[in-house]
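Participant: upload-v3.cif is the file, holding mmCIF, N, CA and C atoms:
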```
data_upload
#
loop_
_atom_site.label_atom_id
_atom_site.label_comp_id
_atom_site.auth_asym_id
_atom_site.auth_seq_id
_atom_site.Cartn_x
_atom_site.Cartn_y
_atom_site.Cartn_z
N MET Z 11 19.52 -19.82 30.39
CA MET Z 11 19.79 -18.74 29.45
C MET Z 11 18.57 -17.82 29.41
N LYS Z 12 18.81 -16.55 29.32
CA LYS Z 12 17.71 -15.59 29.31
C LYS Z 12 16.93 -15.64 27.99
N ALA Z 13 15.71 -15.15 28.02
CA ALA Z 13 14.83 -15.16 26.85
C ALA Z 13 15.36 -14.22 25.77
N PHE Z 14 14.98 -14.52 24.54
CA PHE Z 14 15.43 -13.71 23.40
C PHE Z 14 14.79 -12.33 23.46
N THR Z 15 15.62 -11.31 23.32
CA THR Z 15 15.13 -9.93 23.20
C THR Z 15 15.83 -9.29 22.01
N PHE Z 16 15.07 -8.49 21.31
CA PHE Z 16 15.62 -7.81 20.14
C PHE Z 16 15.69 -6.33 20.48
N GLU Z 17 16.91 -5.81 20.48
CA GLU Z 17 17.13 -4.43 20.91
C GLU Z 17 16.46 -3.41 20.00
N LEU Z 18 16.26 -3.77 18.73
CA LEU Z 18 15.66 -2.82 17.79
C LEU Z 18 14.15 -3.01 17.64
N GLU Z 19 13.54 -3.70 18.59
CA GLU Z 19 12.10 -3.94 18.54
C GLU Z 19 11.29 -2.64 18.46
N PRO Z 20 11.64 -1.59 19.21
CA PRO Z 20 10.89 -0.33 19.07
C PRO Z 20 10.98 0.26 17.65
N LEU Z 21 12.15 0.15 17.05
CA LEU Z 21 12.32 0.64 15.68
C LEU Z 21 11.47 -0.19 14.72
N LEU Z 22 11.47 -1.50 14.91
CA LEU Z 22 10.65 -2.38 14.07
C LEU Z 22 9.18 -2.04 14.22
N PHE Z 23 8.74 -1.82 15.45
CA PHE Z 23 7.35 -1.44 15.70
C PHE Z 23 7.02 -0.12 15.00
N MET Z 24 7.93 0.84 15.09
CA MET Z 24 7.73 2.14 14.43
C MET Z 24 7.59 1.98 12.92
N ARG Z 25 8.44 1.15 12.35
CA ARG Z 25 8.40 0.96 10.89
C ARG Z 25 7.15 0.20 10.47
N LYS Z 26 6.72 -0.76 11.27
CA LYS Z 26 5.47 -1.47 10.96
C LYS Z 26 4.29 -0.52 11.02
N THR Z 27 4.28 0.33 12.03
CA THR Z 27 3.20 1.30 12.19
C THR Z 27 3.17 2.28 11.02
N ALA Z 28 4.34 2.74 10.61
CA ALA Z 28 4.41 3.67 9.48
C ALA Z 28 3.93 3.00 8.20
N GLU Z 29 4.30 1.74 8.00
CA GLU Z 29 3.86 1.02 6.81
C GLU Z 29 2.35 0.83 6.82
N GLU Z 30 1.80 0.48 7.96
CA GLU Z 30 0.35 0.29 8.07
C GLU Z 30 -0.40 1.60 7.82
N ALA Z 31 0.12 2.70 8.37
CA ALA Z 31 -0.52 4.01 8.16
C ALA Z 31 -0.48 4.38 6.68
N CYS Z 32 0.64 4.13 6.04
CA CYS Z 32 0.76 4.42 4.61
C CYS Z 32 -0.20 3.55 3.81
N GLY Z 33 -0.34 2.29 4.23
CA GLY Z 33 -1.27 1.39 3.56
C GLY Z 33 -2.71 1.86 3.66
N GLU Z 34 -3.08 2.35 4.83
CA GLU Z 34 -4.44 2.89 5.01
C GLU Z 34 -4.65 4.13 4.15
N LYS Z 35 -3.65 4.98 4.11
CA LYS Z 35 -3.73 6.19 3.29
C LYS Z 35 -3.84 5.81 1.82
N LEU Z 36 -3.07 4.81 1.41
CA LEU Z 36 -3.12 4.34 0.02
C LEU Z 36 -4.51 3.81 -0.31
N GLN Z 37 -5.11 3.05 0.60
CA GLN Z 37 -6.46 2.54 0.36
C GLN Z 37 -7.46 3.68 0.20
N THR Z 38 -7.34 4.69 1.01
CA THR Z 38 -8.23 5.86 0.92
C THR Z 38 -8.08 6.55 -0.43
N GLU Z 39 -6.82 6.75 -0.83
CA GLU Z 39 -6.56 7.42 -2.11
C GLU Z 39 -7.01 6.56 -3.30
N LEU Z 40 -6.87 5.25 -3.19
CA LEU Z 40 -7.36 4.36 -4.25
C LEU Z 40 -8.87 4.43 -4.36
N HIS Z 41 -9.54 4.49 -3.22
CA HIS Z 41 -11.00 4.62 -3.22
C HIS Z 41 -11.41 5.93 -3.91
N LYS Z 42 -10.73 7.01 -3.58
CA LYS Z 42 -11.01 8.29 -4.24
C LYS Z 42 -10.79 8.20 -5.74
N LEU Z 43 -9.71 7.52 -6.14
CA LEU Z 43 -9.40 7.36 -7.56
C LEU Z 43 -10.51 6.59 -8.27
N HIS Z 44 -10.99 5.53 -7.66
CA HIS Z 44 -12.07 4.75 -8.28
C HIS Z 44 -13.35 5.58 -8.40
N GLU Z 45 -13.63 6.38 -7.39
CA GLU Z 45 -14.80 7.26 -7.46
C GLU Z 45 -14.65 8.26 -8.60
N MET Z 46 -13.47 8.85 -8.72
CA MET Z 46 -13.22 9.83 -9.79
C MET Z 46 -13.33 9.16 -11.17
N GLN Z 47 -12.83 7.95 -11.28
CA GLN Z 47 -12.91 7.23 -12.55
C GLN Z 47 -14.37 6.94 -12.91
N GLU Z 48 -15.16 6.63 -11.92
CA GLU Z 48 -16.59 6.38 -12.16
C GLU Z 48 -17.29 7.66 -12.63
N ILE Z 49 -16.96 8.78 -12.01
CA ILE Z 49 -17.53 10.07 -12.43
C ILE Z 49 -17.13 10.35 -13.87
N LEU Z 50 -15.87 10.14 -14.20
CA LEU Z 50 -15.38 10.36 -15.56
C LEU Z 50 -16.13 9.46 -16.54
N LYS Z 51 -16.32 8.22 -16.19
CA LYS Z 51 -17.04 7.28 -17.05
C LYS Z 51 -18.49 7.75 -17.27
N ASN Z 52 -19.14 8.20 -16.21
CA ASN Z 52 -20.52 8.68 -16.33
C ASN Z 52 -20.60 9.93 -17.21
N LEU Z 53 -19.66 10.85 -17.04
CA LEU Z 53 -19.63 12.05 -17.88
C LEU Z 53 -19.41 11.70 -19.34
N HIS Z 54 -18.54 10.75 -19.58
CA HIS Z 54 -18.25 10.33 -20.95
C HIS Z 54 -19.51 9.71 -21.57
N THR Z 55 -20.20 8.88 -20.82
CA THR Z 55 -21.45 8.27 -21.31
C THR Z 55 -22.49 9.33 -21.60
N GLU Z 56 -22.62 10.28 -20.70
CA GLU Z 56 -23.59 11.37 -20.87
C GLU Z 56 -23.27 12.19 -22.12
N TYR Z 57 -21.99 12.45 -22.35
CA TYR Z 57 -21.59 13.22 -23.52
C TYR Z 57 -21.90 12.45 -24.80
N ARG Z 58 -21.60 11.16 -24.82
CA ARG Z 58 -21.90 10.35 -26.00
C ARG Z 58 -23.40 10.31 -26.29
N GLU Z 59 -24.20 10.17 -25.24
CA GLU Z 59 -25.66 10.16 -25.42
C GLU Z 59 -26.15 11.49 -25.97
N SER Z 60 -25.55 12.57 -25.47
CA SER Z 60 -25.92 13.90 -25.94
C SER Z 60 -25.60 14.06 -27.43
N CYS Z 61 -24.42 13.58 -27.84
CA CYS Z 61 -24.04 13.65 -29.26
C CYS Z 61 -24.95 12.78 -30.11
N THR Z 62 -25.34 11.64 -29.59
CA THR Z 62 -26.23 10.74 -30.33
C THR Z 62 -27.59 11.40 -30.55
N LYS Z 63 -28.10 12.07 -29.52
CA LYS Z 63 -29.38 12.77 -29.65
C LYS Z 63 -29.31 13.86 -30.72
N LEU Z 64 -28.19 14.56 -30.73
CA LEU Z 64 -28.02 15.65 -31.68
C LEU Z 64 -28.04 15.11 -33.12
N ASN Z 65 -27.43 13.99 -33.33
CA ASN Z 65 -27.34 13.42 -34.68
C ASN Z 65 -28.61 12.69 -35.09
N SER Z 66 -29.53 12.48 -34.16
CA SER Z 66 -30.69 11.65 -34.46
C SER Z 66 -31.90 12.41 -35.02
N GLY Z 67 -31.88 13.70 -35.04
CA GLY Z 67 -33.07 14.40 -35.53
C GLY Z 67 -32.80 15.85 -35.85
N SER Z 68 -33.89 16.52 -36.22
CA SER Z 68 -33.77 17.95 -36.54
C SER Z 68 -34.23 18.76 -35.34
N PHE Z 69 -33.55 19.87 -35.12
CA PHE Z 69 -33.83 20.72 -33.97
C PHE Z 69 -33.93 22.17 -34.41
N SER Z 70 -34.60 22.94 -33.57
CA SER Z 70 -34.66 24.38 -33.85
C SER Z 70 -33.34 25.01 -33.43
N ILE Z 71 -33.18 26.27 -33.79
CA ILE Z 71 -31.93 26.98 -33.47
C ILE Z 71 -31.76 27.11 -31.96
N SER Z 72 -32.81 27.40 -31.24
CA SER Z 72 -32.71 27.53 -29.80
C SER Z 72 -32.34 26.20 -29.15
N GLU Z 73 -32.88 25.10 -29.69
CA GLU Z 73 -32.53 23.78 -29.16
C GLU Z 73 -31.07 23.45 -29.47
N LEU Z 74 -30.60 23.84 -30.63
CA LEU Z 74 -29.20 23.61 -30.99
C LEU Z 74 -28.27 24.43 -30.11
N GLU Z 75 -28.66 25.68 -29.82
CA GLU Z 75 -27.84 26.53 -28.95
C GLU Z 75 -27.78 25.93 -27.54
N PHE Z 76 -28.95 25.48 -27.07
CA PHE Z 76 -28.99 24.86 -25.75
C PHE Z 76 -28.09 23.62 -25.73
N HIS Z 77 -28.23 22.79 -26.77
CA HIS Z 77 -27.42 21.58 -26.84
C HIS Z 77 -25.92 21.92 -26.93
N ASN Z 78 -25.59 22.95 -27.67
CA ASN Z 78 -24.19 23.38 -27.80
C ASN Z 78 -23.62 23.80 -26.44
N ARG Z 79 -24.39 24.62 -25.70
CA ARG Z 79 -23.95 25.03 -24.36
C ARG Z 79 -23.81 23.81 -23.44
N TRP Z 80 -24.79 22.93 -23.54
CA TRP Z 80 -24.78 21.70 -22.73
C TRP Z 80 -23.54 20.86 -23.05
N SER Z 81 -23.27 20.68 -24.33
CA SER Z 81 -22.11 19.90 -24.77
C SER Z 81 -20.80 20.55 -24.31
N ASN Z 82 -20.72 21.85 -24.42
CA ASN Z 82 -19.51 22.56 -23.97
C ASN Z 82 -19.29 22.39 -22.46
N ARG Z 83 -20.39 22.47 -21.71
CA ARG Z 83 -20.29 22.27 -20.26
C ARG Z 83 -19.83 20.85 -19.95
N LEU Z 84 -20.38 19.88 -20.65
CA LEU Z 84 -19.97 18.48 -20.44
C LEU Z 84 -18.50 18.27 -20.81
N LEU Z 85 -18.07 18.88 -21.92
CA LEU Z 85 -16.66 18.77 -22.31
C LEU Z 85 -15.74 19.38 -21.25
N LYS Z 86 -16.16 20.53 -20.72
CA LYS Z 86 -15.36 21.16 -19.67
C LYS Z 86 -15.28 20.26 -18.44
N GLN Z 87 -16.42 19.68 -18.04
CA GLN Z 87 -16.44 18.77 -16.90
C GLN Z 87 -15.59 17.52 -17.18
N LEU Z 88 -15.67 17.02 -18.42
CA LEU Z 88 -14.86 15.86 -18.80
C LEU Z 88 -13.37 16.17 -18.66
N ASN Z 89 -12.95 17.32 -19.16
CA ASN Z 89 -11.53 17.70 -19.07
C ASN Z 89 -11.09 17.87 -17.62
N GLU Z 90 -11.95 18.48 -16.81
CA GLU Z 90 -11.63 18.65 -15.39
C GLU Z 90 -11.53 17.30 -14.70
N ALA Z 91 -12.46 16.41 -15.05
CA ALA Z 91 -12.45 15.08 -14.44
C ALA Z 91 -11.20 14.30 -14.87
N ARG Z 92 -10.81 14.42 -16.13
CA ARG Z 92 -9.59 13.75 -16.60
C ARG Z 92 -8.37 14.26 -15.84
N SER Z 93 -8.31 15.57 -15.68
CA SER Z 93 -7.18 16.17 -14.94
C SER Z 93 -7.17 15.68 -13.50
N ALA Z 94 -8.35 15.62 -12.89
CA ALA Z 94 -8.44 15.16 -11.50
C ALA Z 94 -8.00 13.70 -11.40
N VAL Z 95 -8.42 12.88 -12.35
CA VAL Z 95 -8.03 11.46 -12.34
C VAL Z 95 -6.52 11.33 -12.52
N MET Z 96 -5.95 12.10 -13.41
CA MET Z 96 -4.50 12.03 -13.62
C MET Z 96 -3.74 12.46 -12.36
N ALA Z 97 -4.21 13.53 -11.72
CA ALA Z 97 -3.56 13.99 -10.49
C ALA Z 97 -3.69 12.95 -9.38
N GLN Z 98 -4.86 12.35 -9.27
CA GLN Z 98 -5.08 11.32 -8.25
C GLN Z 98 -4.23 10.08 -8.54
N THR Z 99 -4.09 9.75 -9.81
CA THR Z 99 -3.24 8.61 -10.19
C THR Z 99 -1.80 8.86 -9.79
N ARG Z 100 -1.33 10.09 -9.99
CA ARG Z 100 0.03 10.43 -9.57
C ARG Z 100 0.17 10.30 -8.05
N ARG Z 101 -0.86 10.78 -7.31
CA ARG Z 101 -0.83 10.66 -5.85
C ARG Z 101 -0.76 9.19 -5.43
N VAL Z 102 -1.58 8.37 -6.07
CA VAL Z 102 -1.59 6.94 -5.74
C VAL Z 102 -0.24 6.31 -6.06
N ASN Z 103 0.33 6.64 -7.20
CA ASN Z 103 1.64 6.09 -7.56
C ASN Z 103 2.73 6.52 -6.58
N ASP Z 104 2.67 7.78 -6.15
CA ASP Z 104 3.63 8.26 -5.16
C ASP Z 104 3.49 7.50 -3.84
N LEU Z 105 2.24 7.26 -3.44
CA LEU Z 105 2.01 6.51 -2.21
C LEU Z 105 2.48 5.06 -2.36
N ARG Z 106 2.31 4.49 -3.53
CA ARG Z 106 2.80 3.12 -3.75
C ARG Z 106 4.32 3.06 -3.61
N LYS Z 107 4.99 4.07 -4.17
CA LYS Z 107 6.46 4.12 -4.03
C LYS Z 107 6.85 4.27 -2.57
N GLU Z 108 6.15 5.16 -1.86
CA GLU Z 108 6.43 5.36 -0.44
C GLU Z 108 6.18 4.07 0.34
N MET Z 109 5.10 3.38 0.00
CA MET Z 109 4.76 2.13 0.66
C MET Z 109 5.86 1.09 0.43
N LEU Z 110 6.36 1.02 -0.79
CA LEU Z 110 7.43 0.08 -1.12
C LEU Z 110 8.69 0.39 -0.31
N GLU Z 111 9.04 1.68 -0.22
CA GLU Z 111 10.21 2.07 0.56
C GLU Z 111 10.04 1.72 2.04
N LEU Z 112 8.84 2.00 2.57
CA LEU Z 112 8.59 1.68 3.97
C LEU Z 112 8.65 0.17 4.21
N HIS Z 113 8.13 -0.59 3.25
CA HIS Z 113 8.17 -2.05 3.39
C HIS Z 113 9.62 -2.54 3.37
N GLN Z 114 10.43 -1.98 2.50
CA GLN Z 114 11.83 -2.38 2.43
C GLN Z 114 12.57 -2.01 3.72
N ASP Z 115 12.28 -0.83 4.25
CA ASP Z 115 12.90 -0.41 5.51
C ASP Z 115 12.54 -1.37 6.64
N LYS Z 116 11.26 -1.74 6.68
CA LYS Z 116 10.79 -2.66 7.72
C LYS Z 116 11.44 -4.03 7.53
N ARG Z 117 11.52 -4.47 6.29
CA ARG Z 117 12.06 -5.80 5.99
C ARG Z 117 13.53 -5.91 6.41
N VAL Z 118 14.29 -4.82 6.27
CA VAL Z 118 15.69 -4.83 6.70
C VAL Z 118 15.78 -5.17 8.19
N ILE Z 119 14.94 -4.54 8.98
CA ILE Z 119 14.95 -4.77 10.43
C ILE Z 119 14.46 -6.19 10.73
N GLU Z 120 13.45 -6.66 9.99
CA GLU Z 120 12.95 -8.02 10.22
C GLU Z 120 14.03 -9.07 9.92
N VAL Z 121 14.78 -8.86 8.85
CA VAL Z 121 15.86 -9.79 8.51
C VAL Z 121 16.92 -9.78 9.61
N LEU Z 122 17.24 -8.60 10.10
CA LEU Z 122 18.21 -8.49 11.18
C LEU Z 122 17.71 -9.23 12.43
N LYS Z 123 16.42 -9.09 12.71
CA LYS Z 123 15.83 -9.79 13.87
C LYS Z 123 15.91 -11.30 13.66
N GLU Z 124 15.60 -11.77 12.46
CA GLU Z 124 15.68 -13.21 12.18
C GLU Z 124 17.10 -13.73 12.36
N LYS Z 125 18.08 -12.97 11.87
CA LYS Z 125 19.49 -13.38 12.01
C LYS Z 125 19.89 -13.44 13.48
N GLU Z 126 19.48 -12.43 14.24
CA GLU Z 126 19.82 -12.42 15.67
C GLU Z 126 19.14 -13.57 16.39
N TYR Z 127 17.91 -13.89 16.00
CA TYR Z 127 17.21 -15.00 16.64
C TYR Z 127 17.91 -16.33 16.33
N LYS Z 128 18.32 -16.52 15.08
CA LYS Z 128 19.04 -17.75 14.72
C LYS Z 128 20.34 -17.85 15.52
N LYS Z 129 21.01 -16.71 15.66
CA LYS Z 129 22.25 -16.67 16.43
C LYS Z 129 21.96 -17.02 17.90
N TYR Z 130 20.87 -16.51 18.44
CA TYR Z 130 20.46 -16.80 19.82
C TYR Z 130 20.17 -18.30 19.99
N VAL Z 131 19.42 -18.87 19.04
CA VAL Z 131 19.09 -20.30 19.11
C VAL Z 131 20.35 -21.14 19.03
N LYS Z 132 21.27 -20.78 18.14
CA LYS Z 132 22.53 -21.51 18.00
C LYS Z 132 23.33 -21.46 19.29
N GLU Z 133 23.38 -20.28 19.90
CA GLU Z 133 24.12 -20.11 21.16
C GLU Z 133 23.43 -20.89 22.28
N ALA Z 134 22.09 -20.89 22.30
CA ALA Z 134 21.36 -21.65 23.32
C ALA Z 134 21.63 -23.14 23.17
N ASP Z 135 21.64 -23.63 21.94
CA ASP Z 135 21.95 -25.04 21.70
C ASP Z 135 23.37 -25.37 22.13
N ARG Z 136 24.28 -24.49 21.80
CA ARG Z 136 25.69 -24.71 22.20
C ARG Z 136 25.82 -24.76 23.72
N GLN Z 137 25.14 -23.84 24.39
CA GLN Z 137 25.20 -23.80 25.86
C GLN Z 137 24.56 -25.05 26.45
N GLU Z 138 23.46 -25.50 25.87
CA GLU Z 138 22.80 -26.71 26.36
C GLU Z 138 23.71 -27.93 26.19
N ASN Z 139 24.35 -28.02 25.02
CA ASN Z 139 25.28 -29.13 24.80
C ASN Z 139 26.45 -29.09 25.78
N LYS Z 140 26.95 -27.89 26.04
CA LYS Z 140 28.05 -27.73 26.99
C LYS Z 140 27.62 -28.18 28.38
N ASP Z 141 26.41 -27.76 28.80
CA ASP Z 141 25.89 -28.15 30.12
C ASP Z 141 25.70 -29.66 30.19
N ASN Z 142 25.18 -30.25 29.13
CA ASN Z 142 25.00 -31.71 29.11
C ASN Z 142 26.33 -32.44 29.18
N ASP Z 143 27.33 -31.94 28.48
CA ASP Z 143 28.66 -32.55 28.52
C ASP Z 143 29.25 -32.49 29.93
N GLU Z 144 29.08 -31.34 30.60
CA GLU Z 144 29.58 -31.20 31.98
C GLU Z 144 28.88 -32.17 32.91
N LEU Z 145 27.55 -32.34 32.74
CA LEU Z 145 26.82 -33.29 33.58
C LEU Z 145 27.30 -34.71 33.33
N THR Z 146 27.54 -35.04 32.10
CA THR Z 146 28.01 -36.37 31.76
C THR Z 146 29.38 -36.63 32.37
N ILE Z 147 30.25 -35.64 32.30
CA ILE Z 147 31.60 -35.77 32.88
C ILE Z 147 31.49 -35.94 34.39
N GLN Z 148 30.63 -35.17 35.04
CA GLN Z 148 30.46 -35.28 36.49
C GLN Z 148 29.93 -36.66 36.87
N ARG Z 149 28.97 -37.19 36.13
CA ARG Z 149 28.43 -38.52 36.42
C ARG Z 149 29.52 -39.58 36.23
N PHE Z 150 30.27 -39.40 35.19
CA PHE Z 150 31.35 -40.36 34.92
C PHE Z 150 32.36 -40.37 36.07
N ASN Z 151 32.70 -39.16 36.55
CA ASN Z 151 33.66 -39.04 37.63
C ASN Z 151 33.09 -39.61 38.94
N LEU Z 152 31.79 -39.47 39.15
CA LEU Z 152 31.17 -40.01 40.37
C LEU Z 152 31.11 -41.54 40.34
N ASN Z 153 30.96 -42.10 39.18
CA ASN Z 153 30.84 -43.56 39.06
C ASN Z 153 32.18 -44.27 39.10
N LYS Z 154 33.27 -43.61 39.13
CA LYS Z 154 34.60 -44.24 39.19
C LYS Z 154 34.86 -44.84 40.51
#
```
Write out the structure in this file as structure tokens.
Facilitator:
Amino acid sequence: MKAFTFELEPLLFMRKTAEEACGEKLQTELHKLHEMQEILKNLHTEYRESCTKLNSGSFSISELEFHNRWSNRLLKQLNEARSAVMAQTRRVNDLRKEMLELHQDKRVIEVLKEKEYKKYVKEADRQENKDNDELTIQRFNLNK
């Protein structure tokens, strides 16, 4: 009996490759998200420290104006960073959904391959049993 071949192997390979590429892209986007979250955390810490300094002592008007401009700039950066993190989170979630769909598409073909392989093994066993039965019958007929 000939060796097992799966006719949809190229399709399975294509789907595996697409899933792997999506996984790599997802890892890259997750790395970017973690970097953005770290920047946001640092900005938040810097803003809190700035507010603590302001509340800790007396300052001249020029120092207060400087601190006010500084605080406004930090708030603007914080808002921009929050928006960037939210947008990146949406991108990551979209990629996760895409990854799940690609995995399901690949899994359908893998299940089909498994079923065909089981069918092949069953047929090979049946053929082997048939061949053994024929040999047994021939031996029996020769020994008469």
Participant: To one decimal place in Å, what is the distance between CA of Lys86 in chain Z and atom N of Glu73 in chain Z?
Facilitator: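 These atoms are spaced 20.6 Å apart.
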Participant: Output as a tab-separated table one row per residue of range 74-130 of chain Z within 7 Å of range 15-35 of chain Z: the closest atom pair and its distance in Å to one decimal place, counting all atoms listed in the file, sorted by chain and residue number ascending.
Facilitator:
```
residue	atom	partner	partner_atom	distance
Z:Leu105	C	Z:Cys32	C	6.9
Z:Glu108	C	Z:Cys32	CA	6.9
Z:Met109	CA	Z:Cys32	C	6.0
Z:Leu112	C	Z:Glu29	CA	5.5
Z:His113	N	Z:Glu29	CA	5.8
Z:Asp115	C	Z:Arg25	CA	6.4
Z:Lys116	CA	Z:Arg25	CA	5.4
Z:Ile119	CA	Z:Leu22	CA	6.1
Z:Glu120	N	Z:Leu22	CA	6.5
Z:Lys123	CA	Z:Phe16	CA	6.6
```
Participant: Selected residues, N, CA and C atoms, written as a PDB file, keeping the file's coordinate frame, please.
Facilitator:
```pdb
ATOM      1  N   LEU Z 105       2.240   7.260  -3.440  1.00  0.00           N
ATOM      2  CA  LEU Z 105       2.010   6.510  -2.210  1.00  0.00           C
ATOM      3  C   LEU Z 105       2.480   5.060  -2.360  1.00  0.00           C
ATOM      4  N   GLU Z 108       6.150   5.160  -1.860  1.00  0.00           N
ATOM      5  CA  GLU Z 108       6.430   5.360  -0.440  1.00  0.00           C
ATOM      6  C   GLU Z 108       6.180   4.070   0.340  1.00  0.00           C
ATOM      7  N   MET Z 109       5.100   3.380   0.000  1.00  0.00           N
ATOM      8  CA  MET Z 109       4.760   2.130   0.660  1.00  0.00           C
ATOM      9  C   MET Z 109       5.860   1.090   0.430  1.00  0.00           C
ATOM     10  N   LEU Z 112       8.840   2.000   2.570  1.00  0.00           N
ATOM     11  CA  LEU Z 112       8.590   1.680   3.970  1.00  0.00           C
ATOM     12  C   LEU Z 112       8.650   0.170   4.210  1.00  0.00           C
ATOM     13  N   HIS Z 113       8.130  -0.590   3.250  1.00  0.00           N
ATOM     14  CA  HIS Z 113       8.170  -2.050   3.390  1.00  0.00           C
ATOM     15  C   HIS Z 113       9.620  -2.540   3.370  1.00  0.00           C
ATOM     16  N   ASP Z 115      12.280  -0.830   4.250  1.00  0.00           N
ATOM     17  CA  ASP Z 115      12.900  -0.410   5.510  1.00  0.00           C
ATOM     18  C   ASP Z 115      12.540  -1.370   6.640  1.00  0.00           C
ATOM     19  N   LYS Z 116      11.260  -1.740   6.680  1.00  0.00           N
ATOM     20  CA  LYS Z 116      10.790  -2.660   7.720  1.00  0.00           C
ATOM     21  C   LYS Z 116      11.440  -4.030   7.530  1.00  0.00           C
ATOM     22  N   ILE Z 119      14.940  -4.540   8.980  1.00  0.00           N
ATOM     23  CA  ILE Z 119      14.950  -4.770  10.430  1.00  0.00           C
ATOM     24  C   ILE Z 119      14.460  -6.190  10.730  1.00  0.00           C
ATOM     25  N   GLU Z 120      13.450  -6.660   9.990  1.00  0.00           N
ATOM     26  CA  GLU Z 120      12.950  -8.020  10.220  1.00  0.00           C
ATOM     27  C   GLU Z 120      14.030  -9.070   9.920  1.00  0.00           C
ATOM     28  N   LYS Z 123      16.420  -9.090  12.710  1.00  0.00           N
ATOM     29  CA  LYS Z 123      15.830  -9.790  13.870  1.00  0.00           C
ATOM     30  C   LYS Z 123      15.910 -11.300  13.660  1.00  0.00           C
TER      31      LYS Z 123
END
```
Participant: Just so the selection is clear, what residues does the PyMOL selection byres (((chain Z and resi 56 and name CA) around 12) and name CA) cover here, as a list in words?
Facilitator: Ile49, Leu50, Lys51, Asn52, Leu53, His54, Thr55, Tyr57, Arg58, Glu59, Ser60, Cys61, Thr62, Lys63, Trp80, Ser81, Arg83, Leu84, Leu85, Gln87 and Leu88 of chain Z
Participant: Kindly give the distance, in Å, that separates atom C of Asp143 in chain Z and CA of Met11 in chain Z, rounded to a single decimal.
Facilitator: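 That distance, rounded to one decimal, is 16.7 Å.
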Participant: Find the distance between CA of Ala94 in chain Z and atom C of Met46 in chain Z and write it in Å to one decimal.
Facilitator: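 Interatomic distance here is 7.7 Å.
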Participant: Check the smallest atom-to-atom distance from each of Z:Ser72, Z:Gln114, Z:Asn151, Z:Gln47 to Ala91 in chain Z using all atoms listed in the file, then report the winner.
Facilitator: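 Going through Z:Ser72, Z:Gln114, Z:Asn151, Z:Gln47 one by one, the smallest distance to Ala91 in chain Z is for Z:Gln47.
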